[in-house]
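**Q** This is final_25.txt, which holds compact mmCIF, C-alpha atoms and all ligand atoms:
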```txt
# COMPACT_ATOMS: atom_id res chain seq x y z
CA MET A 11 4.12 -49.41 -105.90
CA ILE A 12 1.78 -49.92 -102.98
CA ASN A 13 -1.50 -48.04 -102.99
CA LYS A 14 -3.65 -50.23 -100.80
CA VAL A 15 -3.11 -51.83 -97.39
CA ARG A 16 -5.73 -54.16 -95.97
CA PHE A 17 -6.58 -54.10 -92.27
CA VAL A 18 -6.03 -57.85 -92.15
CA GLU A 19 -5.43 -60.32 -94.95
CA PRO A 20 -6.42 -63.86 -93.94
CA SER A 21 -5.72 -65.34 -97.36
CA LYS A 22 -2.13 -64.04 -97.23
CA LEU A 23 -1.61 -65.47 -93.77
CA TYR A 24 -2.99 -68.78 -94.97
CA LEU A 25 -0.34 -68.94 -97.67
CA MET A 26 2.38 -68.18 -95.10
CA ILE A 27 1.51 -71.30 -93.08
CA LYS A 28 -0.29 -73.32 -95.73
CA ASP A 29 1.66 -76.54 -95.31
CA GLU A 30 0.94 -76.80 -91.61
CA LEU A 31 -2.72 -75.83 -91.92
CA ASP A 32 -3.23 -78.25 -94.80
CA ALA A 33 -1.59 -81.02 -92.78
CA ALA A 34 -3.90 -80.28 -89.85
CA TYR A 35 -6.90 -80.34 -92.19
CA PHE A 36 -5.81 -83.66 -93.69
CA ASP A 37 -5.25 -85.16 -90.27
CA VAL A 38 -8.72 -84.21 -89.03
CA MET A 39 -10.53 -85.12 -92.24
CA SER A 40 -8.77 -88.41 -92.85
CA LYS A 41 -9.53 -89.53 -89.29
CA GLY A 42 -13.09 -88.19 -89.41
CA GLU A 43 -12.62 -86.54 -86.03
CA LEU A 44 -15.13 -83.71 -85.90
CA ILE A 45 -16.66 -83.12 -82.48
CA ASP A 46 -14.93 -83.23 -79.06
CA ARG A 47 -11.95 -85.23 -80.27
CA SER A 48 -8.20 -85.33 -79.78
CA HIS A 49 -7.36 -82.06 -81.57
CA LEU A 50 -9.66 -80.14 -79.26
CA LYS A 51 -8.11 -81.72 -76.17
CA LYS A 52 -4.60 -81.02 -77.39
CA PHE A 53 -5.41 -77.41 -78.18
CA GLU A 54 -7.04 -76.96 -74.78
CA GLU A 55 -3.95 -78.30 -73.05
CA ASN A 56 -1.68 -76.00 -75.03
CA LEU A 57 -3.92 -72.99 -74.49
CA ALA A 58 -4.07 -73.55 -70.72
CA LYS A 59 -0.28 -73.83 -70.66
CA PHE A 60 0.10 -70.66 -72.73
CA VAL A 61 -2.27 -68.63 -70.54
CA GLY A 62 -0.97 -70.13 -67.30
CA THR A 63 -4.11 -71.85 -66.00
CA LYS A 64 -4.91 -75.44 -65.11
CA TYR A 65 -7.80 -75.72 -67.55
CA ALA A 66 -9.03 -74.41 -70.87
CA VAL A 67 -12.42 -75.28 -72.34
CA GLY A 68 -12.96 -74.69 -76.06
CA LEU A 69 -16.23 -73.02 -77.01
CA ASN A 70 -18.13 -71.70 -79.97
CA SER A 71 -17.28 -68.04 -79.45
CA GLY A 72 -16.01 -65.38 -77.11
CA TYR A 73 -19.60 -64.51 -76.33
CA ASP A 74 -20.26 -68.05 -75.10
CA SER A 75 -17.17 -67.93 -72.94
CA LEU A 76 -18.57 -64.80 -71.28
CA GLN A 77 -22.10 -66.06 -70.75
CA LEU A 78 -20.93 -69.46 -69.45
CA SER A 79 -18.48 -67.74 -67.11
CA LEU A 80 -21.25 -65.63 -65.64
CA ARG A 81 -23.42 -68.72 -65.20
CA ALA A 82 -20.52 -70.59 -63.62
CA ALA A 83 -20.16 -67.70 -61.18
CA GLY A 84 -23.82 -68.14 -60.27
CA ILE A 85 -24.80 -64.75 -61.63
CA GLY A 86 -28.40 -64.16 -62.68
CA ALA A 87 -31.53 -62.11 -62.04
CA GLY A 88 -31.15 -59.40 -59.43
CA ASP A 89 -27.36 -59.32 -59.66
CA GLU A 90 -25.30 -56.42 -60.97
CA VAL A 91 -22.07 -56.78 -62.91
CA ILE A 92 -19.63 -53.95 -63.53
CA VAL A 93 -18.51 -53.61 -67.14
CA PRO A 94 -16.66 -50.87 -69.03
CA ALA A 95 -18.62 -48.37 -71.11
CA HIS A 96 -16.12 -48.82 -73.92
CA THR A 97 -15.93 -52.44 -75.08
CA PHE A 98 -17.41 -54.71 -77.69
CA VAL A 99 -21.13 -55.02 -77.01
CA ALA A 100 -20.86 -58.77 -76.31
CA SER A 101 -19.23 -58.07 -72.92
CA CYS A 102 -22.44 -56.36 -71.87
CA SER A 103 -24.92 -58.55 -73.77
CA ALA A 104 -23.65 -61.65 -71.96
CA ILE A 105 -24.55 -59.98 -68.65
CA VAL A 106 -28.02 -59.03 -69.87
CA ASN A 107 -28.64 -62.46 -71.38
CA VAL A 108 -28.00 -64.28 -68.10
CA GLY A 109 -30.67 -62.04 -66.55
CA ALA A 110 -28.30 -59.75 -64.63
CA THR A 111 -27.94 -55.97 -64.81
CA PRO A 112 -24.83 -54.39 -66.32
CA VAL A 113 -23.51 -51.33 -64.50
CA LEU A 114 -21.32 -49.39 -66.86
CA VAL A 115 -18.15 -47.62 -65.76
CA ASP A 116 -16.13 -45.16 -67.82
CA VAL A 117 -12.69 -46.02 -69.16
CA ALA A 118 -9.29 -44.40 -68.66
CA PRO A 119 -7.12 -43.00 -71.48
CA ASP A 120 -5.70 -46.50 -72.07
CA PHE A 121 -9.19 -47.61 -73.21
CA ASN A 122 -9.64 -49.96 -70.23
CA ILE A 123 -11.92 -49.57 -67.23
CA ASP A 124 -11.04 -46.59 -65.03
CA VAL A 125 -10.19 -48.41 -61.82
CA ASP A 126 -10.71 -45.25 -59.76
CA LYS A 127 -14.38 -45.31 -60.76
CA ILE A 128 -15.16 -48.93 -59.92
CA GLU A 129 -15.89 -48.63 -56.22
CA GLU A 130 -18.44 -45.84 -56.62
CA ALA A 131 -20.42 -48.16 -58.95
CA ILE A 132 -20.59 -51.01 -56.42
CA THR A 133 -23.94 -51.55 -54.69
CA GLU A 134 -25.26 -54.28 -52.40
CA ASN A 135 -26.36 -56.15 -55.54
CA THR A 136 -22.97 -56.15 -57.25
CA LYS A 137 -21.67 -59.68 -57.74
CA ALA A 138 -18.86 -59.36 -60.24
CA ILE A 139 -16.52 -57.17 -62.21
CA MET A 140 -16.06 -57.94 -65.86
CA ALA A 141 -12.55 -56.70 -66.57
CA VAL A 142 -12.06 -56.19 -70.29
CA HIS A 143 -8.53 -56.13 -71.71
CA LEU A 144 -8.93 -54.12 -74.86
CA SER A 145 -6.75 -54.21 -77.96
CA GLY A 146 -3.99 -56.32 -76.41
CA TRP A 147 -3.43 -54.24 -73.28
CA MET A 148 -4.61 -55.52 -69.93
CA ALA A 149 -6.79 -53.68 -67.47
CA ASP A 150 -5.00 -52.98 -64.19
CA MET A 151 -5.58 -56.45 -62.72
CA PRO A 152 -3.58 -56.09 -59.51
CA ARG A 153 -5.82 -53.17 -58.47
CA ILE A 154 -9.01 -54.79 -59.79
CA MET A 155 -8.31 -58.01 -57.86
CA LYS A 156 -7.79 -55.98 -54.67
CA ILE A 157 -11.11 -54.18 -55.10
CA ALA A 158 -12.83 -57.49 -55.85
CA GLU A 159 -11.37 -59.15 -52.76
CA LYS A 160 -12.31 -56.23 -50.53
CA ASN A 161 -15.91 -56.25 -51.81
CA ASN A 162 -16.28 -60.02 -52.18
CA LEU A 163 -16.83 -59.88 -55.93
CA LYS A 164 -16.07 -62.41 -58.63
CA VAL A 165 -13.83 -61.30 -61.49
CA ILE A 166 -14.39 -62.42 -65.05
CA GLU A 167 -11.74 -61.38 -67.51
CA ASP A 168 -12.91 -60.57 -71.00
CA ALA A 169 -9.54 -61.29 -72.60
CA CYS A 170 -11.05 -61.73 -76.07
CA GLN A 171 -8.66 -59.11 -77.46
CA SER A 172 -5.62 -59.85 -75.36
CA LEU A 173 -4.37 -63.41 -75.58
CA GLY A 174 -0.66 -63.33 -74.77
CA SER A 175 -0.52 -60.10 -72.82
CA SER A 176 0.53 -60.12 -69.20
CA ILE A 177 1.25 -58.12 -66.08
CA ASN A 178 4.36 -59.10 -64.12
CA GLY A 179 4.50 -62.31 -66.14
CA LYS A 180 0.94 -63.37 -65.24
CA GLY A 181 -1.10 -63.87 -68.37
CA ALA A 182 -4.40 -62.30 -69.37
CA GLY A 183 -7.07 -64.82 -68.52
CA SER A 184 -5.28 -66.25 -65.48
CA TRP A 185 -6.28 -63.68 -62.85
CA GLY A 186 -10.03 -63.96 -62.43
CA LEU A 187 -12.43 -66.84 -61.94
CA THR A 188 -12.25 -67.24 -65.70
CA GLY A 189 -10.50 -65.78 -68.70
CA CYS A 190 -12.64 -65.47 -71.81
CA PHE A 191 -11.16 -65.68 -75.29
CA SER A 192 -12.42 -65.22 -78.83
CA PHE A 193 -10.92 -66.87 -81.88
CA TYR A 194 -12.91 -64.78 -84.32
CA PRO A 195 -10.81 -64.75 -87.51
CA PHE A 196 -9.39 -61.24 -87.00
CA LYS A 197 -8.27 -61.84 -83.44
CA ILE A 198 -4.61 -62.24 -82.46
CA LEU A 199 -5.28 -65.99 -82.52
CA GLY A 200 -7.95 -66.27 -85.17
CA GLY A 201 -9.65 -69.37 -86.46
CA TYR A 202 -11.40 -69.92 -89.77
CA GLY A 203 -14.82 -69.26 -88.33
CA ASP A 204 -16.07 -68.49 -84.86
CA GLY A 205 -14.48 -69.92 -81.76
CA GLY A 206 -13.67 -69.14 -78.15
CA ALA A 207 -12.51 -70.59 -74.86
CA ILE A 208 -12.66 -70.25 -71.11
CA THR A 209 -9.48 -70.55 -69.08
CA THR A 210 -9.67 -71.21 -65.35
CA ASN A 211 -7.89 -72.70 -62.36
CA ASP A 212 -11.19 -73.84 -60.88
CA GLU A 213 -11.97 -77.47 -61.65
CA ASN A 214 -15.68 -77.00 -60.96
CA VAL A 215 -15.87 -74.13 -63.42
CA ALA A 216 -14.08 -76.17 -66.08
CA THR A 217 -16.44 -79.11 -65.52
CA PHE A 218 -19.46 -76.82 -65.62
CA ALA A 219 -18.34 -75.30 -68.93
CA ARG A 220 -17.56 -78.71 -70.44
CA ARG A 221 -21.05 -79.91 -69.60
CA MET A 222 -22.89 -76.75 -70.59
CA ARG A 223 -21.23 -76.63 -74.00
CA PHE A 224 -22.63 -80.11 -74.63
CA ASN A 225 -26.28 -79.52 -73.75
CA GLY A 226 -25.57 -80.03 -70.08
CA GLU A 227 -24.38 -83.59 -70.55
CA ASP A 228 -21.71 -85.27 -68.47
CA ARG A 229 -20.00 -87.12 -71.31
CA ALA A 230 -18.74 -89.89 -69.05
CA THR A 231 -22.09 -90.85 -67.53
CA GLY A 232 -24.64 -89.43 -69.97
CA GLU A 233 -26.31 -87.57 -67.10
CA TYR A 234 -27.82 -84.15 -67.95
CA CYS A 235 -26.50 -81.86 -65.25
CA GLY A 236 -28.50 -78.80 -66.29
CA HIS A 237 -30.11 -77.11 -69.29
CA GLY A 238 -27.15 -76.32 -71.48
CA PHE A 239 -26.18 -75.16 -74.93
CA THR A 240 -24.55 -76.44 -78.09
CA CYS A 241 -21.39 -74.40 -78.09
CA LEU A 242 -18.24 -76.48 -78.48
CA LEU A 243 -15.20 -75.38 -80.35
CA ASP A 244 -15.10 -77.56 -83.48
CA ASN A 245 -12.35 -80.13 -83.56
CA LEU A 246 -11.24 -78.85 -86.98
CA GLN A 247 -10.98 -75.26 -85.73
CA ALA A 248 -9.02 -76.49 -82.72
CA ALA A 249 -6.53 -78.20 -85.04
CA PHE A 250 -6.03 -74.96 -87.00
CA LEU A 251 -5.78 -72.89 -83.83
CA ASP A 252 -3.17 -75.22 -82.39
CA VAL A 253 -0.95 -74.65 -85.43
CA LYS A 254 -1.25 -70.90 -84.95
CA LEU A 255 -0.89 -70.96 -81.16
CA ALA A 256 2.59 -72.43 -81.51
CA LYS A 257 3.56 -69.36 -83.56
CA LEU A 258 1.95 -66.79 -81.32
CA PRO A 259 5.02 -65.79 -79.27
CA GLU A 260 6.92 -65.06 -82.47
CA TRP A 261 3.90 -63.26 -83.98
CA ILE A 262 3.48 -61.10 -80.88
CA LYS A 263 7.09 -59.96 -81.27
CA ARG A 264 6.34 -58.97 -84.85
CA ARG A 265 3.28 -57.01 -83.74
CA GLN A 266 5.36 -55.24 -81.09
CA TRP A 267 7.96 -54.44 -83.72
CA ILE A 268 5.31 -52.89 -85.97
CA ALA A 269 3.91 -50.89 -83.03
CA GLU A 270 7.38 -49.56 -82.28
CA LYS A 271 7.82 -48.60 -85.93
CA TYR A 272 4.51 -46.69 -85.84
CA ARG A 273 5.61 -45.01 -82.60
CA GLN A 274 8.97 -43.93 -83.97
CA SER A 275 7.44 -42.63 -87.17
CA LEU A 276 4.38 -40.85 -85.78
CA SER A 277 5.24 -39.59 -82.31
CA ASP A 278 6.28 -36.16 -83.62
CA ILE A 279 2.64 -35.44 -84.56
CA PRO A 280 1.08 -33.69 -81.54
CA ASP A 281 -2.50 -34.47 -82.56
CA LEU A 282 -1.97 -38.22 -82.39
CA LEU A 283 -2.34 -40.09 -79.11
CA LEU A 284 -0.49 -43.34 -79.67
CA PRO A 285 -1.18 -46.53 -77.69
CA HIS A 286 2.06 -46.75 -75.73
CA TYR A 287 1.67 -46.75 -71.98
CA ASN A 288 4.02 -46.80 -69.04
CA ARG A 289 2.99 -49.40 -66.53
CA GLU A 290 5.82 -51.43 -65.21
CA GLY A 291 5.67 -55.14 -65.91
CA SER A 292 2.87 -54.81 -68.49
CA ASP A 293 3.10 -56.18 -71.98
CA HIS A 294 1.04 -54.80 -74.88
CA VAL A 295 0.51 -57.44 -77.57
CA TYR A 296 -1.16 -55.07 -80.03
CA GLN A 297 -4.18 -57.03 -81.11
CA ASN A 298 -5.08 -53.57 -82.39
CA TYR A 299 -3.01 -50.44 -82.82
CA THR A 300 -5.67 -47.94 -81.84
CA LEU A 301 -4.65 -44.32 -81.82
CA ARG A 302 -6.68 -41.18 -81.26
CA SER A 303 -6.94 -38.20 -83.56
CA LYS A 304 -8.98 -35.11 -82.74
CA HIS A 305 -9.81 -35.02 -86.46
CA GLY A 306 -11.97 -38.14 -86.04
CA ASN A 307 -13.79 -39.09 -89.23
CA GLU A 308 -11.87 -36.58 -91.31
CA PHE A 309 -8.67 -38.47 -90.38
CA SER A 310 -10.06 -42.00 -90.82
CA ASP A 311 -11.83 -41.12 -94.07
CA TYR A 312 -8.60 -39.67 -95.43
CA LEU A 313 -6.74 -42.90 -94.67
CA LYS A 314 -9.47 -44.99 -96.26
CA SER A 315 -9.63 -42.85 -99.38
CA ASN A 316 -5.87 -43.25 -99.71
CA GLY A 317 -6.04 -47.01 -99.59
CA VAL A 318 -5.35 -47.64 -95.90
CA GLU A 319 -8.06 -49.81 -94.39
CA VAL A 320 -8.69 -48.72 -90.81
CA LEU A 321 -11.15 -49.61 -88.09
CA THR A 322 -13.06 -46.98 -86.12
CA GLN A 323 -14.48 -48.98 -83.25
CA PHE A 324 -16.69 -47.61 -81.92
CA ARG A 325 -17.96 -44.26 -83.20
CA LYS A 326 -21.28 -44.85 -81.43
CA PRO A 327 -20.84 -46.24 -77.91
CA TYR A 328 -22.92 -49.35 -77.37
CA TYR A 329 -24.98 -47.81 -74.56
CA LYS A 330 -26.23 -45.18 -77.03
CA HIS A 331 -28.03 -47.83 -79.07
CA GLU A 332 -31.62 -47.38 -77.91
CA ALA A 333 -32.71 -50.98 -78.35
CA LEU A 334 -30.19 -52.10 -75.74
CA LYS A 335 -31.97 -50.07 -73.04
CA LEU A 336 -28.83 -49.39 -71.03
CA VAL A 337 -28.32 -46.71 -68.42
CA ASP A 338 -26.06 -43.89 -69.59
CA ARG A 339 -24.63 -42.46 -66.34
CA GLY A 340 -22.35 -40.13 -68.29
CA PHE A 341 -19.02 -41.45 -69.57
CA PRO A 342 -16.91 -38.50 -70.76
CA GLU A 343 -13.77 -40.48 -71.65
CA THR A 344 -15.74 -43.02 -73.69
CA GLU A 345 -17.60 -40.20 -75.48
CA ALA A 346 -14.37 -38.41 -76.33
CA LEU A 347 -12.44 -41.43 -77.53
CA SER A 348 -15.37 -42.70 -79.59
CA ARG A 349 -15.09 -39.63 -81.77
CA GLU A 350 -11.32 -40.03 -82.12
CA VAL A 351 -10.39 -43.73 -82.34
CA CYS A 352 -8.74 -45.14 -85.41
CA SER A 353 -6.97 -48.50 -85.58
CA LEU A 354 -4.16 -48.76 -88.11
CA PRO A 355 -3.44 -52.03 -89.96
CA MET A 356 -1.79 -54.42 -87.49
CA ASN A 357 -1.26 -58.04 -88.33
CA VAL A 358 1.51 -60.51 -88.99
CA GLU A 359 0.93 -60.81 -92.69
CA ILE A 360 1.63 -57.14 -93.39
CA ASP A 361 5.07 -56.49 -94.89
CA ASN A 362 7.45 -53.64 -94.13
CA GLU A 363 6.68 -51.79 -97.35
CA GLU A 364 3.01 -51.74 -96.46
CA ILE A 365 3.79 -50.39 -92.99
CA ASP A 366 5.85 -47.63 -94.61
CA TYR A 367 2.90 -46.82 -96.85
CA VAL A 368 0.53 -46.53 -93.86
CA ILE A 369 3.00 -44.19 -92.16
CA LYS A 370 3.37 -42.11 -95.31
CA VAL A 371 -0.39 -41.66 -95.63
CA VAL A 372 -0.83 -40.76 -91.95
CA ARG A 373 1.97 -38.21 -92.17
CA SER A 374 0.59 -36.73 -95.38
CA PHE A 375 -2.73 -36.03 -93.62
CA TYR A 376 -0.77 -33.68 -91.36
CA GLY A 377 1.12 -32.16 -94.29
CA LYS A 378 4.34 -33.95 -93.31
C1 LIG B 1 -13.77 -57.47 -76.05
C2 LIG B 1 -14.58 -58.54 -76.71
N1 LIG B 1 -15.47 -59.22 -76.00
C3 LIG B 1 -16.19 -60.21 -76.55
C4 LIG B 1 -16.07 -60.55 -77.87
C5 LIG B 1 -16.95 -61.61 -78.44
O1 LIG B 1 -16.26 -62.61 -79.09
P1 LIG B 1 -16.95 -63.43 -80.27
O2 LIG B 1 -17.11 -62.53 -81.43
O3 LIG B 1 -16.03 -64.58 -80.50
O4 LIG B 1 -18.29 -63.90 -79.73
C6 LIG B 1 -15.14 -59.86 -78.66
C7 LIG B 1 -14.87 -60.21 -80.07
O5 LIG B 1 -15.47 -59.89 -81.00
C8 LIG B 1 -14.40 -58.81 -78.07
O6 LIG B 1 -13.53 -58.10 -78.80
```
Let me see the structure of the file written as structure tokens.
**A**
Amino acid sequence: MINKVRFVEPSKLYLMIKDELDAAYFDVMSKGELIDRSHLKKFEENLAKFVGTKYAVGLNSGYDSLQLSLRAAGIGAGDEVIVPAHTFVASCSAIVNVGATPVLVDVAPDFNIDVDKIEEAITENTKAIMAVHLSGWMADMPRIMKIAEKNNLKVIEDACQSLGSSINGKGAGSWGLTGCFSFYPFKILGGYGDGGAITTNDENVATFARRMRFNGEDRATGEYCGHGFTCLLDNLQAAFLDVKLAKLPEWIKRRQWIAEKYRQSLSDIPDLLLPHYNREGSDHVYQNYTLRSKHGNEFSDYLKSNGVEVLTQFRKPYYKHEALKLVDRGFPETEALSREVCSLPMNVEIDNEEIDYVIKVVRSFYGK
């Protein structure tokens, strides 16, 4: 009898693919290949192919992919970058940490930037739009690219939560100057520690990122091409990620199956706003299954107290954290959804019985 369902269960997933992960570990360790070696190159090639770009550059984290992208775009002091009011704080912190000013824009009911509100936030100082694809569902890139072209802005895609999603067959991370990915363990492609990557079709951007991740050094000549950082993706992590990347298409199907099961079992509850959207040609890969309930904490606390681990990101919007000193221009959709969001367990290691248990607990909250 099930009475507890974890939000994610990395140890269970490890056991599902233990042989391949162990073989990757043995290969790396027995060759002593630790930094900037063959496993990293192979993973980068496979990632670029998967996303649909010419290049991928493995980095320490999603955050580093964002801050290096902004630097590659030449963004710094005096520049403004548009970013959604509802995202993980790192999207915004990267802008602040390169010396630029984030200009926040409210989101639409699909949790992504409200495209209708972008143009009114553009000023003569605006240099870029950071388009965040939240939870596995892409922002409306065709419209965002049009606005960017019209206003001569760079586009950086924060695709940290959306590897594998696409619009009209064009992958997240292949639209803007760069795509930024995180391999934080709980991501759709999670490592066993921190990790990230930039994808791009621009050779100069790829070269810039490769140098900057290695303290600015051109590895072929030893020349320091700028003041850089130490932020490479470890060779060992790359080997693990490559094992998982090969399984991602199959895993995305499983996630979509689970999402459909949730939809079929919960769509008769009027209070619940489920994350299923109609936009032709768009694929949701369900990094997270984030629904909205007007009952907010009462709903999420009930699930937790009945053994269903849920995520409530983010009850307090990041711009409300005083220390961040951000300008709150009024973001009604972000405010409303922050009170209501609740992400149900969504991962590939969950089994059907556990999904049924989650559904049972959600339904019981509504007396069903
Ligand atoms: C939307 C978004 N942006 C940026 C990041 C930062 O990624 P990382 O934690 O790998 O630095 C994350 C992940 O946590 C994220 O979800």
**Q** As a PyMOL selection string, please: the residues near range 225-233 of chain A (cut-off 12 Å, only C-alpha atoms, same-chain neighbours under 6 positions excluded).
**A** chain A and resi 46+78+217-219+239-242
**Q** 7 Å from ligand LIG 1 (chain B) is the threshold here; counting all atoms listed in the file, which polymer residues fall inside it? Answer as a PyMOL selection string.
**A** chain A and resi 71-74+97-98+100-101+142-144+168-171+192-194+204-206
**Q** Using C-alpha atoms, can you export the residues from the last selection as a PDB file, keeping the file's coordinate frame?
**A**
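Listing of result.pdb after writing:
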```
ATOM      1  CA  SER A  71     -17.280 -68.040 -79.450  1.00  0.00           C
ATOM      2  CA  GLY A  72     -16.010 -65.380 -77.110  1.00  0.00           C
ATOM      3  CA  TYR A  73     -19.600 -64.510 -76.330  1.00  0.00           C
ATOM      4  CA  ASP A  74     -20.260 -68.050 -75.100  1.00  0.00           C
ATOM      5  CA  THR A  97     -15.930 -52.440 -75.080  1.00  0.00           C
ATOM      6  CA  PHE A  98     -17.410 -54.710 -77.690  1.00  0.00           C
ATOM      7  CA  ALA A 100     -20.860 -58.770 -76.310  1.00  0.00           C
ATOM      8  CA  SER A 101     -19.230 -58.070 -72.920  1.00  0.00           C
ATOM      9  CA  VAL A 142     -12.060 -56.190 -70.290  1.00  0.00           C
ATOM     10  CA  HIS A 143      -8.530 -56.130 -71.710  1.00  0.00           C
ATOM     11  CA  LEU A 144      -8.930 -54.120 -74.860  1.00  0.00           C
ATOM     12  CA  ASP A 168     -12.910 -60.570 -71.000  1.00  0.00           C
ATOM     13  CA  ALA A 169      -9.540 -61.290 -72.600  1.00  0.00           C
ATOM     14  CA  CYS A 170     -11.050 -61.730 -76.070  1.00  0.00           C
ATOM     15  CA  GLN A 171      -8.660 -59.110 -77.460  1.00  0.00           C
ATOM     16  CA  SER A 192     -12.420 -65.220 -78.830  1.00  0.00           C
ATOM     17  CA  PHE A 193     -10.920 -66.870 -81.880  1.00  0.00           C
ATOM     18  CA  TYR A 194     -12.910 -64.780 -84.320  1.00  0.00           C
ATOM     19  CA  ASP A 204     -16.070 -68.490 -84.860  1.00  0.00           C
ATOM     20  CA  GLY A 205     -14.480 -69.920 -81.760  1.00  0.00           C
ATOM     21  CA  GLY A 206     -13.670 -69.140 -78.150  1.00  0.00           C
TER      22      GLY A 206
END
```
**Q** In the coordinates of the file, take the point (-11.5, -55.9, -60.5) and a cut-off of 6 Å; then, counting all atoms listed in the file, name each qualifying protein, DNA or RNA residue as a list in words.
**A**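 I get Ile139, Ile154, Met155, Ile157, Ala158 and Val165 of chain A for the residues within 6 Å of that point.
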**Q** Within 9 Å of Thr111 in chain A, counting all atoms listed in the file, which residues qualify if same-chain residues fewer than 4 places away don't, as a count of residues only?
**A** 10
**Q** Show which residues sit within 7 Å of range 124-130 of chain A, as a ChimeraX atom specification. Count only C-alpha atoms, and ignore same-chain residues fewer than 4 positions away.
**A** /A:115-118,154
**Q** Go ahead and compute the interatomic distance for CA of Ile365 in chain A and CA of Phe191 in chain A, in Å to one decimal.
**A**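 Rounded to one decimal, the two atoms are 27.8 Å apart.
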**Q** Give me, please, the distance in Å between CA of Gly68 in chain A and CA of Leu243 in chain A, quoted to one decimal.
**A** 4.9 Å
**Q** Would you work out the distance separating CA of Cys352 in chain A from CA of Phe324 in chain A, expressed in Å to one decimal?
**A** 9.0 Å
**Q** Select, from A:Phe36, A:Phe53, A:Tyr299, A:Phe341, the residue with the minimum atom-to-atom distance to Gln323 in chain A, counting all atoms listed in the file.
**A**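 Closest candidate: A:Tyr299.
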